[in-house]
Every structure is written in C-alpha cells, then in structure tokens.
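Q: Enclosed is the structure file target-v5.tsv (TSV, C-alpha atoms).
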chain	number	residue	atom	x	y	z
D	1	MET	CA	20.01	42.85	56.76
D	2	PRO	CA	16.86	40.72	56.46
D	3	VAL	CA	13.63	42.70	56.68
D	4	LEU	CA	10.36	40.86	57.22
D	5	HIS	CA	7.05	42.58	56.46
D	6	LEU	CA	3.97	41.13	58.15
D	7	GLU	CA	0.55	42.42	57.16
D	8	MET	CA	-2.43	41.34	59.21
D	9	HIS	CA	-5.76	42.49	60.53
D	10	PRO	CA	-5.79	44.32	63.87
D	11	GLY	CA	-6.65	42.35	66.96
D	12	ARG	CA	-3.51	40.53	68.09
D	13	THR	CA	-2.28	41.32	71.56
D	14	GLN	CA	1.11	42.85	72.31
D	15	GLU	CA	2.13	39.50	73.80
D	16	GLN	CA	1.22	37.69	70.57
D	17	LYS	CA	3.26	40.21	68.58
D	18	ARG	CA	6.22	39.83	70.99
D	19	ASN	CA	6.07	36.06	70.61
D	20	PHE	CA	5.88	36.34	66.84
D	21	VAL	CA	8.87	38.67	66.48
D	22	ARG	CA	10.93	36.56	68.88
D	23	GLU	CA	10.22	33.32	67.03
D	24	ALA	CA	10.49	34.85	63.55
D	25	THR	CA	13.85	36.39	64.48
D	26	ARG	CA	15.06	33.03	65.80
D	27	ALA	CA	14.04	31.31	62.54
D	28	VAL	CA	15.78	33.94	60.40
D	29	VAL	CA	18.97	33.78	62.49
D	30	GLU	CA	19.07	29.97	62.25
D	31	THR	CA	18.17	29.80	58.56
D	32	LEU	CA	20.18	32.71	57.17
D	33	VAL	CA	23.03	32.48	59.71
D	34	CYS	CA	22.98	36.14	60.65
D	35	PRO	CA	23.05	38.02	63.94
D	36	PRO	CA	19.68	38.85	65.52
D	37	GLU	CA	20.63	42.54	65.50
D	38	SER	CA	20.45	42.48	61.71
D	39	VAL	CA	16.84	41.22	61.58
D	40	GLU	CA	14.12	43.84	61.23
D	41	ILE	CA	10.39	43.09	61.35
D	42	ILE	CA	7.67	45.51	60.31
D	43	ILE	CA	4.12	44.74	61.39
D	44	SER	CA	1.39	46.56	59.49
D	45	GLU	CA	-2.16	46.24	60.76
D	46	ILE	CA	-4.62	46.71	57.95
D	47	PRO	CA	-8.33	47.00	58.79
D	48	LYS	CA	-10.75	44.68	57.03
D	49	ASP	CA	-12.32	47.60	55.17
D	50	ALA	CA	-8.97	48.19	53.46
D	51	TRP	CA	-8.31	44.54	52.49
D	52	ALA	CA	-10.03	42.64	49.70
D	53	VAL	CA	-10.01	39.04	48.49
D	54	ALA	CA	-11.65	37.85	45.28
D	55	GLY	CA	-13.15	41.27	44.61
D	56	LYS	CA	-14.81	41.60	48.03
D	57	LEU	CA	-13.78	43.63	51.06
D	58	LYS	CA	-13.01	41.46	54.07
D	59	SER	CA	-15.32	43.74	56.09
D	60	ASP	CA	-18.24	42.60	53.92
D	61	SER	CA	-17.78	38.91	54.79
With the file now loaded, output its structure as structure tokens.
A:
Amino acid sequence: MPVLHLEMHPGRTQEQKRNFVREATRAVVETLVCPPESVEIIISEIPKDAWAVAGKLKSDS
C-alpha cells in the first residue's frame, strides 16, 4: 500500500486538494501498477510559524 505524505502551508482550497489527490493517485497507480484503493495520501498543513528554512521561521520572511 503506497502512502504519500504531503506537507504544505495552509491556504489551498478544497478543490486544489481534490485535484492534487486525484492526480497524485493516478500517477502512483500508473507508475507502481497498483489499484487506486491501495493509495493513501495524508495532507498535513503546517503554519509558517512552525516551519523553518536556513535557521529562519517562514513566518519571519
């Protein structure tokens, strides 16, 4: 069972998330030759004050 974990900042619409999971599932099914029912996708929305790059919080940029 393939499990995809997507971490991103909040702000995408439900429609954008629906489109993403549909297309990501399609790519996994085609690439790994597995049924779509076996593909799981977990979307974690992490606020910018809890995400840092190069020693700086994203909320500070």
Q: Need to verify the contact set: stretch 7-9 of chain D, 8 Å, only C-alpha atoms, exclusion of same-chain residues closer than 6 positions in sequence. Can you return it as a list in words?
A: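 Skipping anything fewer than 6 positions along the chain leaves Ile43, Ser44, Glu45, Ile46, Pro47 and Lys48 of chain D.
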Q: Which residue is closest to D:Lys17? Choose from D:Leu57, D:Leu32, D:Ala52, D:Ile41 and count all atoms listed in the file.
A: D:Ile41
Q: Choose the residue, out of D:Ala50, D:Met1, D:Gly55, D:Asp60, that has the smallest atom-to-atom separation from D:Val28; count all atoms listed in the file.
A: D:Met1
Q: Go ahead and compute the interatomic distance for atom CA of D:Leu6 and atom CA of D:Ile42, in Å to one decimal.
A: 6.1 Å
Q: Quick check, in Å to one decimal: how far apart do atom CA of D:Asn19 and atom CA of D:Ser61 lie?
A: 28.8 Å
Q: Provide the atom CA of D:Val39 to atom CA of D:Pro2 distance in Å, to one decimal place.
A: 5.1 Å
Q: With distances taken over only C-alpha atoms, which of D:His5, D:Lys58, D:Thr13, D:Glu40 is nearest to D:Arg26?
A: D:Glu40
Q: Rank nothing, just name the residue among D:Trp51, D:Val3, D:Ser59, D:Arg18 nearest to D:Ser38, using all atoms listed in the file.
A: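 When distances to D:Ser38 are compared using all atoms listed in the file, the smallest one comes from D:Val3.
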